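For reference, model_5.tsv (TSV, C-alpha atoms):
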chain	number	residue	atom	x	y	z
A	1	MET	CA	0.00	0.00	0.00
A	2	LYS	CA	2.77	2.39	0.99
A	3	LYS	CA	5.17	1.73	-1.89
A	4	PRO	CA	2.78	2.53	-4.78
A	5	LEU	CA	1.77	5.69	-2.91
A	6	VAL	CA	5.43	6.75	-2.68
A	7	ALA	CA	5.95	6.04	-6.37
A	8	VAL	CA	2.84	8.00	-7.41
A	9	THR	CA	3.83	10.95	-5.20
A	10	LEU	CA	7.38	10.98	-6.61
A	11	ALA	CA	6.07	10.82	-10.18
A	12	ALA	CA	3.56	13.59	-9.50
A	13	ALA	CA	6.40	15.76	-8.20
A	14	ALA	CA	8.97	14.76	-10.84
A	15	VAL	CA	6.92	15.07	-14.04
A	16	PRO	CA	6.07	18.80	-13.70
A	17	MET	CA	9.68	19.50	-12.67
A	18	LEU	CA	11.09	17.68	-15.70
A	19	ILE	CA	8.61	19.45	-18.01
A	20	GLY	CA	9.64	22.74	-16.44
A	21	VAL	CA	13.36	22.04	-16.89
A	22	ALA	CA	12.76	21.02	-20.53
A	23	ALA	CA	10.97	24.33	-21.14
A	24	LEU	CA	13.84	26.47	-19.78
A	25	PRO	CA	15.41	28.83	-22.33
A	26	ARG	CA	18.89	27.99	-23.57
A	27	PRO	CA	21.73	29.51	-21.47
A	28	GLY	CA	22.64	32.95	-22.79
A	29	ASP	CA	19.48	33.26	-24.90
A	30	PRO	CA	18.95	37.04	-25.31
A	31	THR	CA	15.18	36.56	-25.65
A	32	ALA	CA	14.93	34.70	-22.32
A	33	PRO	CA	12.45	36.31	-19.90
A	34	ALA	CA	15.27	37.04	-17.46
A	35	HIS	CA	16.88	39.39	-20.00
A	36	THR	CA	13.76	41.03	-21.42
A	37	HIS	CA	11.84	42.26	-18.39
A	38	VAL	CA	13.51	44.14	-15.55
A	39	ALA	CA	17.22	43.35	-16.05
A	40	ALA	CA	17.73	46.07	-18.68
A	41	HIS	CA	16.07	48.59	-16.40
A	42	TYR	CA	18.24	47.54	-13.44
A	43	ILE	CA	21.40	47.92	-15.51
A	44	GLU	CA	20.39	51.26	-16.98
A	45	ALA	CA	18.81	52.99	-14.00
A	46	GLY	CA	20.01	50.92	-11.02
A	47	ALA	CA	22.76	53.24	-9.85
A	48	ARG	CA	20.63	56.39	-10.21
A	49	GLU	CA	17.51	54.94	-8.62
A	50	THR	CA	19.09	53.11	-5.69
A	51	GLY	CA	22.33	54.99	-5.00
A	52	ALA	CA	24.32	51.73	-5.06
A	53	ASP	CA	26.95	51.71	-7.80
A	54	ASN	CA	27.12	47.93	-7.65
A	55	ARG	CA	24.03	46.60	-9.45
A	56	VAL	CA	24.03	43.38	-7.43
A	57	THR	CA	23.77	45.43	-4.24
A	58	ALA	CA	21.05	47.52	-5.87
A	59	VAL	CA	18.96	44.41	-6.56
A	60	LEU	CA	19.77	42.74	-3.25
A	61	LEU	CA	19.05	45.62	-0.88
A	62	ASN	CA	16.60	47.70	-2.89
A	63	TYR	CA	14.63	46.14	-5.74
A	64	ARG	CA	14.49	42.71	-4.07
A	65	ALA	CA	14.89	43.72	-0.43
A	66	PHE	CA	11.92	41.54	0.60
A	67	ASP	CA	13.67	38.46	-0.83
A	68	THR	CA	16.84	39.33	1.09
A	69	PHE	CA	14.81	39.81	4.28
A	70	GLY	CA	13.49	36.28	3.75
A	71	GLU	CA	17.00	34.95	3.15
A	72	VAL	CA	18.41	36.32	6.40
A	73	LEU	CA	15.39	34.89	8.24
A	74	VAL	CA	16.11	31.46	6.69
A	75	ILE	CA	19.76	31.61	7.82
A	76	PHE	CA	18.71	32.67	11.31
A	77	ALA	CA	16.08	29.91	11.41
A	78	ALA	CA	18.81	27.37	10.52
A	79	LEU	CA	20.80	28.36	13.61
A	80	ALA	CA	17.66	28.39	15.75
A	81	ALA	CA	16.86	24.85	14.59
A	82	VAL	CA	20.39	23.60	15.37
A	83	ILE	CA	20.27	25.17	18.84
A	84	ALA	CA	16.85	23.66	19.47
A	85	VAL	CA	18.04	20.18	18.47
A	86	ARG	CA	21.48	20.30	20.10
A	87	SER	CA	20.84	22.04	23.39
A	88	PRO	CA	20.34	19.66	26.29
A	89	ALA	CA	17.06	19.82	28.18
A	90	THR	CA	19.06	19.69	31.40
A	91	PRO	CA	22.41	21.43	31.92
A	92	GLY	CA	25.40	19.14	31.40
A	93	GLY	CA	23.24	16.58	29.63
A	94	ARG	CA	25.47	16.09	26.61
A	95	ALA	CA	28.70	14.94	28.18
A	96	ASP	CA	28.36	11.44	26.76
A	97	ASP	CA	27.78	12.26	23.08
A	98	MET	CA	31.15	13.86	22.54
A	99	PRO	CA	32.54	12.93	19.11
A	100	GLY	CA	35.87	13.86	17.59
A	101	PRO	CA	39.46	13.59	18.77
A	102	GLY	CA	39.07	13.87	22.54
A	103	PRO	CA	38.87	17.23	24.27
A	104	GLY	CA	42.32	16.85	25.84
A	105	LEU	CA	44.40	18.03	22.85
A	106	PRO	CA	45.57	21.62	23.40
A	107	ILE	CA	45.82	23.85	20.34
A	108	SER	CA	49.12	23.46	18.50
A	109	PRO	CA	51.46	26.41	19.12
A	110	VAL	CA	52.16	26.59	15.38
A	111	VAL	CA	48.46	26.88	14.53
A	112	ALA	CA	47.88	29.36	17.35
A	113	PHE	CA	50.76	31.56	16.17
A	114	ILE	CA	49.60	31.55	12.53
A	115	ILE	CA	46.00	32.36	13.55
A	116	ARG	CA	47.19	35.27	15.70
A	117	LEU	CA	49.47	36.46	12.91
A	118	THR	CA	46.79	36.45	10.17
A	119	ALA	CA	43.71	37.40	12.22
A	120	PRO	CA	44.04	41.22	11.86
A	121	PHE	CA	44.42	40.90	8.07
A	122	ILE	CA	41.42	38.58	7.80
A	123	ALA	CA	39.34	41.01	9.91
A	124	LEU	CA	40.40	43.93	7.72
A	125	PHE	CA	39.55	41.97	4.57
A	126	GLY	CA	36.12	40.99	5.92
A	127	ALA	CA	35.28	44.58	6.85
A	128	PHE	CA	36.56	45.77	3.47
A	129	VAL	CA	34.34	43.30	1.61
A	130	ILE	CA	31.28	44.39	3.65
A	131	PHE	CA	31.74	48.14	3.18
A	132	ARG	CA	33.10	47.94	-0.35
A	133	GLY	CA	30.07	45.88	-1.43
A	134	HIS	CA	28.30	49.15	-2.07
A	135	VAL	CA	30.39	49.90	-5.16
A	136	SER	CA	32.04	46.62	-6.14
A	137	PRO	CA	31.44	42.87	-5.81
A	138	GLY	CA	31.10	41.99	-2.14
A	139	GLY	CA	28.64	42.91	0.58
A	140	GLY	CA	27.25	41.66	3.85
A	141	PHE	CA	26.86	37.99	2.97
A	142	GLN	CA	30.37	37.56	1.55
A	143	GLY	CA	32.09	39.67	4.21
A	144	GLY	CA	30.05	37.92	6.90
A	145	VAL	CA	31.34	34.53	5.75
A	146	ILE	CA	34.95	35.81	5.95
A	147	LEU	CA	34.38	37.23	9.43
A	148	GLY	CA	32.60	34.02	10.46
A	149	ALA	CA	35.59	31.91	9.40
A	150	LEU	CA	37.83	34.28	11.36
A	151	LEU	CA	35.63	33.89	14.47
A	152	VAL	CA	35.80	30.09	14.13
A	153	LEU	CA	39.62	30.28	13.93
A	154	LEU	CA	39.83	32.66	16.88
A	155	SER	CA	37.53	30.45	18.94
A	156	LEU	CA	40.21	27.75	18.61
A	157	VAL	CA	42.83	30.04	20.17
A	158	LEU	CA	40.80	32.20	22.55
A	159	GLY	CA	37.81	29.93	23.24
A	160	ARG	CA	37.26	29.12	26.92
A	161	GLY	CA	34.64	26.39	26.54
A	162	ALA	CA	30.90	26.40	26.96
A	163	GLU	CA	31.03	27.05	30.72
A	164	ARG	CA	32.77	30.43	30.50
A	165	PRO	CA	31.91	31.92	27.09
A	166	LEU	CA	33.78	35.04	25.97
A	167	LEU	CA	30.50	36.73	25.07
A	168	ALA	CA	27.54	36.45	27.43
A	169	VAL	CA	24.97	34.13	25.85
A	170	PRO	CA	22.12	36.72	25.70
A	171	LEU	CA	24.42	39.22	23.96
A	172	ALA	CA	25.57	36.54	21.49
A	173	ARG	CA	21.91	35.70	20.75
A	174	TRP	CA	21.14	39.35	19.93
A	175	LEU	CA	24.19	39.56	17.64
A	176	GLN	CA	23.14	36.34	15.90
A	177	ALA	CA	19.82	38.04	15.15
A	178	ALA	CA	21.59	41.18	13.84
A	179	ALA	CA	20.52	40.70	10.21
A	180	PRO	CA	16.74	40.28	10.83
A	181	LEU	CA	16.95	43.10	13.40
A	182	ALA	CA	18.68	45.42	10.92
A	183	PHE	CA	16.07	44.62	8.27
A	184	THR	CA	13.23	45.22	10.73
A	185	GLY	CA	14.70	48.53	11.89
A	186	VAL	CA	15.53	49.84	8.42
A	187	GLY	CA	12.22	48.52	7.06
A	188	LEU	CA	10.20	50.33	9.73
A	189	LEU	CA	12.26	53.49	9.21
A	190	GLY	CA	11.45	53.26	5.50
A	191	LEU	CA	7.78	52.76	6.37
A	192	ALA	CA	7.83	55.92	8.47
A	193	LEU	CA	9.68	57.96	5.81
A	194	THR	CA	8.07	56.77	2.57
A	195	GLY	CA	4.95	54.86	3.56
A	196	ALA	CA	6.30	51.53	2.24
A	197	LEU	CA	8.04	48.81	4.24
A	198	LEU	CA	11.77	48.80	3.31
A	199	GLY	CA	11.20	51.91	1.21
A	200	TYR	CA	14.12	54.29	0.73
A	201	PRO	CA	13.77	58.08	0.61
A	202	ALA	CA	14.40	59.16	-2.99
A	203	GLU	CA	14.85	62.93	-2.51
A	204	PRO	CA	18.35	64.10	-3.50
A	205	GLU	CA	18.92	65.83	-0.15
A	206	ARG	CA	18.35	62.52	1.67
A	207	HIS	CA	20.94	60.50	-0.27
A	208	ALA	CA	23.19	60.27	2.79
A	209	LEU	CA	20.34	58.75	4.79
A	210	ARG	CA	19.63	56.24	2.00
A	211	GLU	CA	23.29	55.20	1.89
A	212	LEU	CA	23.30	54.88	5.68
A	213	MET	CA	20.23	52.62	5.59
A	214	MET	CA	21.85	50.30	3.03
A	215	ILE	CA	25.15	50.22	4.93
A	216	THR	CA	23.21	49.38	8.11
A	217	LEU	CA	21.64	46.44	6.30
A	218	ASP	CA	25.04	45.26	4.99
A	219	VAL	CA	26.70	45.55	8.41
A	220	GLY	CA	23.75	43.76	10.01
A	221	ILE	CA	23.95	40.94	7.47
A	222	GLY	CA	27.72	40.73	7.97
A	223	ILE	CA	27.70	40.63	11.79
A	224	GLY	CA	24.66	38.36	11.92
A	225	GLY	CA	26.11	35.98	9.33
A	226	ALA	CA	29.48	35.80	11.08
A	227	MET	CA	27.89	35.15	14.48
A	228	ILE	CA	25.60	32.49	12.99
A	229	ILE	CA	28.56	30.65	11.42
A	230	LEU	CA	30.39	30.75	14.75
A	231	GLY	CA	27.21	29.62	16.54
A	232	LEU	CA	26.77	26.65	14.20
A	233	PHE	CA	30.43	25.68	14.71
A	234	LEU	CA	30.26	25.89	18.49
A	235	GLU	CA	26.94	24.05	18.67
A	236	MET	CA	28.02	21.20	16.42
A	237	ARG	CA	31.65	20.58	17.41
A	238	GLY	CA	30.47	18.71	20.45
A	239	ASP	CA	32.08	20.15	23.57
B	1	MET	CA	66.99	40.32	-24.00
B	2	THR	CA	65.88	40.79	-20.38
B	3	GLY	CA	62.33	40.25	-21.58
B	4	MET	CA	63.28	36.88	-23.04
B	5	LEU	CA	65.10	35.90	-19.85
B	6	LEU	CA	62.09	36.87	-17.71
B	7	HIS	CA	59.83	34.94	-20.05
B	8	ALA	CA	62.04	31.85	-19.76
B	9	LEU	CA	62.07	32.20	-15.96
B	10	THR	CA	58.26	32.45	-15.93
B	11	ILE	CA	57.89	29.31	-18.02
B	12	ALA	CA	60.46	27.41	-15.95
B	13	LEU	CA	58.70	28.32	-12.69
B	14	ALA	CA	55.26	27.45	-14.03
B	15	VAL	CA	56.49	24.07	-15.30
B	16	THR	CA	58.17	23.39	-11.94
B	17	GLY	CA	54.88	24.16	-10.20
B	18	ALA	CA	52.94	21.90	-12.55
B	19	LEU	CA	55.43	19.07	-11.96
B	20	PHE	CA	55.07	19.44	-8.18
B	21	PHE	CA	51.29	19.31	-8.55
B	22	LEU	CA	51.63	16.15	-10.63
B	23	ALA	CA	53.96	14.54	-8.07
B	24	GLY	CA	51.72	15.62	-5.19
B	25	THR	CA	48.59	14.24	-6.85
B	26	LEU	CA	50.34	10.96	-7.60
B	27	GLY	CA	51.48	10.80	-3.99
B	28	LEU	CA	47.99	11.53	-2.72
B	29	LEU	CA	46.65	8.65	-4.78
B	30	ARG	CA	49.46	6.12	-4.34
B	31	LEU	CA	51.20	6.60	-0.97
B	32	PRO	CA	50.31	4.02	1.68
B	33	ASP	CA	48.99	5.95	4.69
B	34	PHE	CA	47.52	9.18	5.98
B	35	TYR	CA	50.80	10.82	7.04
B	36	SER	CA	52.61	10.34	3.74
B	37	ARG	CA	49.52	11.49	1.82
B	38	VAL	CA	49.25	14.68	3.88
B	39	HIS	CA	52.95	15.20	3.20
B	40	ALA	CA	52.38	14.83	-0.57
B	41	ALA	CA	49.30	17.06	-0.63
B	42	THR	CA	51.07	19.80	1.33
B	43	LYS	CA	53.95	19.80	-1.16
B	44	CYS	CA	51.42	20.60	-3.92
B	45	ASP	CA	50.06	23.60	-2.11
B	46	THR	CA	53.34	25.13	-1.00
B	47	VAL	CA	55.88	24.49	-3.73
B	48	GLY	CA	53.46	23.85	-6.62
B	49	ALA	CA	51.12	26.79	-6.03
B	50	GLY	CA	54.07	28.87	-4.79
B	51	ALA	CA	56.09	28.42	-7.99
B	52	ILE	CA	53.06	29.09	-10.22
B	53	LEU	CA	52.14	32.24	-8.27
B	54	LEU	CA	55.75	33.44	-8.46
B	55	ALA	CA	55.69	32.83	-12.23
B	56	LEU	CA	52.46	34.86	-12.52
B	57	ALA	CA	53.94	37.69	-10.43
B	58	ILE	CA	56.99	37.88	-12.70
B	59	HIS	CA	54.71	37.73	-15.73
B	60	VAL	CA	52.56	40.73	-14.75
B	61	ALA	CA	55.36	42.79	-13.11
B	62	PRO	CA	55.88	45.76	-12.95
B	63	HIS	CA	52.06	46.05	-12.87
B	64	PRO	CA	50.83	46.57	-9.25
B	65	GLU	CA	48.83	43.33	-9.54
B	66	ALA	CA	52.19	41.57	-9.00
B	67	LEU	CA	52.18	42.80	-5.39
B	68	LYS	CA	48.75	41.28	-4.80
B	69	ILE	CA	49.99	37.95	-6.16
B	70	LEU	CA	53.02	38.11	-3.87
B	71	VAL	CA	50.73	38.71	-0.86
B	72	LEU	CA	48.66	35.72	-1.99
B	73	LEU	CA	51.88	33.69	-2.22
B	74	LEU	CA	52.77	34.69	1.34
B	75	LEU	CA	49.30	33.59	2.53
B	76	VAL	CA	49.68	30.20	0.81
B	77	LEU	CA	53.14	29.73	2.31
B	78	LEU	CA	51.72	30.46	5.79
B	79	SER	CA	48.42	28.58	5.64
B	80	SER	CA	49.24	25.40	3.74
B	81	PRO	CA	52.02	24.04	6.00
B	82	THR	CA	49.94	25.04	9.04
B	83	SER	CA	46.93	23.05	7.90
B	84	GLY	CA	49.16	20.07	7.03
B	85	HIS	CA	50.72	20.26	10.49
B	86	ALA	CA	47.30	20.48	12.18
B	87	LEU	CA	45.99	17.46	10.25
B	88	ALA	CA	49.02	15.30	11.03
B	89	ARG	CA	48.98	16.39	14.69
B	90	ALA	CA	45.30	15.52	15.09
B	91	ALA	CA	45.88	12.12	13.45
B	92	HIS	CA	48.85	11.43	15.73
B	93	HIS	CA	46.78	12.41	18.78
B	94	THR	CA	44.05	9.93	17.88
B	95	GLY	CA	46.72	7.21	17.94
B	96	LEU	CA	46.99	6.56	14.20
B	97	GLU	CA	50.15	4.47	13.65
B	98	PRO	CA	52.41	5.42	10.72
B	99	TRP	CA	52.70	2.83	7.94
B	100	ARG	CA	55.78	0.56	8.00
B	101	ARG	CA	57.23	-1.85	5.50
B	102	PRO	CA	55.87	-5.36	5.97
B	103	GLY	CA	58.15	-7.07	8.49
B	104	GLU	CA	59.66	-3.85	9.84
B	105	ARG	CA	59.25	-3.61	13.62
B	106	ALA	CA	57.85	-0.59	15.42
B	107	ARG	CA	60.53	1.27	17.35
Transcribe the structure of this file into structure tokens.
Amino acid sequence: MKKPLVAVTLAAAAVPMLIGVAALPRPGDPTAPAHTHVAAHYIEAGARETGADNRVTAVLLNYRAFDTFGEVLVIFAALAAVIAVRSPATPGGRADDMPGPGPGLPISPVVAFIIRLTAPFIALFGAFVIFRGHVSPGGGFQGGVILGALLVLLSLVLGRGAERPLLAVPLARWLQAAAPLAFTGVGLLGLALTGALLGYPAEPERHALRELMMITLDVGIGIGGAMIILGLFLEMRGD
Amino acid sequence: MTGMLLHALTIALAVTGALFFLAGTLGLLRLPDFYSRVHAATKCDTVGAGAILLALAIHVAPHPEALKILVLLLLVLLSSPTSGHALARAAHHTGLEPWRRPGERAR
């Protein structure tokens, strides 16, 4: 009874997908819908309309800001799910499911030295990618990943274990929610200024404010993304 | 004349790098245990990538991009041996015994 049902369900899901894939335009087709509707407008008027010289940033934070809001919520939900699954119901309840090469191995002095040596440069690069994303490839997501990798490395050298965390847990939780919080704040500010959620003021004399709103979003995405990567690492490494 | 010499140096360095990558890949596939494979793979990243990056830097010099490539080279020279060391250290800590010739006794 169950097997035919599974097969029918799979077929019902697969057939429309295969038909859809077969109907996709050829790669690079200039008459494809993706190239004939809004793309030309984004390329032509993106910088003027949004104030972001980088068209990807213009689409990400302005034309498709709702999509990006959804994306940061998905990333935050991923961390929330991992915390919900991993955290013990009672304190100290996970001592016996400790995988990996025992907790007794101290960090190698070579690795510690190299991490300390390169950390400032990695931090500078991450911040550069976040702030430079306004005018060139980069932005909050990419810079956040770089900063997140840096935090993971630093947690190997400076980490003090789950009992005495470097950042108080409530503060870390707020920072992990930085991206949704930034979107909520900027979105409500836009609502107050223009009457539309995540709207940006278009008047020329308010350009500085518009830039500031977009940079706030990028910094929020960057900090939130970095903290979420660190949170996933700390939750899943098993100590 | 100098241009030709620089060109020859670029080609020689790039070929050296490619040969190290070949040897490293062969070692990764054919060597008997974890330690010797890490050793082979790390050679690829340091000497192989290092020689190719140096060749590229000479090729684009005196363009400022050459400086960026040199910084990248420095990063590879720092990070690749470190990761090799960390891998081998973790394996040693878990008690993984190095491979020996059949019949050879552990010291």
Problem set entry | Contacts of A:Arg173 at 12 Å (all atoms listed in the file; same-chain gap of 4+ positions) as a ChimeraX atom specification | /A:76,79-80,83,167-169,177-179,181,223-224,227-228,230-231
Exercise for review: For chain A, work out the contacting residues on chain B at 8 Å, counting all atoms listed in the file, and write them as an NGL selection string.
Suggested key: :B and (78-79 or 82-83 or 86 or 90 or 93-94)
Selection near B:Gly3, 12 Å with all atoms listed in the file, sequence-local residues under 5 positions removed, as number ranges by chain: B: 8-10, 58-61
Within 10 Å of A:Ala65, counting all atoms listed in the file, which residues qualify if same-chain residues fewer than 2 places away don't, as a list of chain:residue names? A:Thr57, A:Ala58, A:Val59, A:Leu60, A:Leu61, A:Asn62, A:Tyr63, A:Asp67, A:Thr68, A:Phe69, A:Gly70, A:Glu71, A:Phe183, A:Gly187, A:Leu197, A:Leu198, A:Gly199, A:Leu217
Can you write just those residues out, C-alpha atoms, as a PDB file, keeping the file's coordinate frame?
ATOM      1  CA  THR A  57      23.770  45.430  -4.240  1.00  0.00           C
ATOM      2  CA  ALA A  58      21.050  47.520  -5.870  1.00  0.00           C
ATOM      3  CA  VAL A  59      18.960  44.410  -6.560  1.00  0.00           C
ATOM      4  CA  LEU A  60      19.770  42.740  -3.250  1.00  0.00           C
ATOM      5  CA  LEU A  61      19.050  45.620  -0.880  1.00  0.00           C
ATOM      6  CA  ASN A  62      16.600  47.700  -2.890  1.00  0.00           C
ATOM      7  CA  TYR A  63      14.630  46.140  -5.740  1.00  0.00           C
ATOM      8  CA  ASP A  67      13.670  38.460  -0.830  1.00  0.00           C
ATOM      9  CA  THR A  68      16.840  39.330   1.090  1.00  0.00           C
ATOM     10  CA  PHE A  69      14.810  39.810   4.280  1.00  0.00           C
ATOM     11  CA  GLY A  70      13.490  36.280   3.750  1.00  0.00           C
ATOM     12  CA  GLU A  71      17.000  34.950   3.150  1.00  0.00           C
ATOM     13  CA  PHE A 183      16.070  44.620   8.270  1.00  0.00           C
ATOM     14  CA  GLY A 187      12.220  48.520   7.060  1.00  0.00           C
ATOM     15  CA  LEU A 197       8.040  48.810   4.240  1.00  0.00           C
ATOM     16  CA  LEU A 198      11.770  48.800   3.310  1.00  0.00           C
ATOM     17  CA  GLY A 199      11.200  51.910   1.210  1.00  0.00           C
ATOM     18  CA  LEU A 217      21.640  46.440   6.300  1.00  0.00           C
TER      19      LEU A 217
END
Have a look at atom CA of A:Ile215 and atom CA of A:Leu232 and let me know their distance in Å, one decimal.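 A separation of 25.4 Å between them.
A straight line drawn from atom CA of B:Thr25 to atom CA of B:Ala57 is 24.3 Å long.
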Across B:Pro62, B:Pro32, B:Gly48, B:Gly27, the smallest distance to B:Ser80, with all atoms listed in the file counted, is shown by B:Gly48
Expressed in Å, the length from atom CA of B:Arg89 to atom CA of B:Arg30 is 21.6 Å
Worksheet item: Skipping near chain neighbours, those fewer than 4 positions away, what residues fall within 9 Å of B:Phe20 using all atoms listed in the file, listed as a list in words?
Response: Val15, Thr16, Gly24, Thr25, Lys43, Cys44, Asp45, Val47, Gly48 and Ala49 of chain B
Practice item. Write out as an MDAnalysis selection string which residues come within 10 Å of B:Leu87 when counting all atoms listed in the file, dropping same-chain ones fewer than 6 positions away. Key: chainID B and resid 34:35 38 81 93
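Proximity of A:Ala226, A:Ala119, A:Leu73, A:Ala162 to A:Gly140, computed with all atoms listed in the file, is greatest for A:Ala226.
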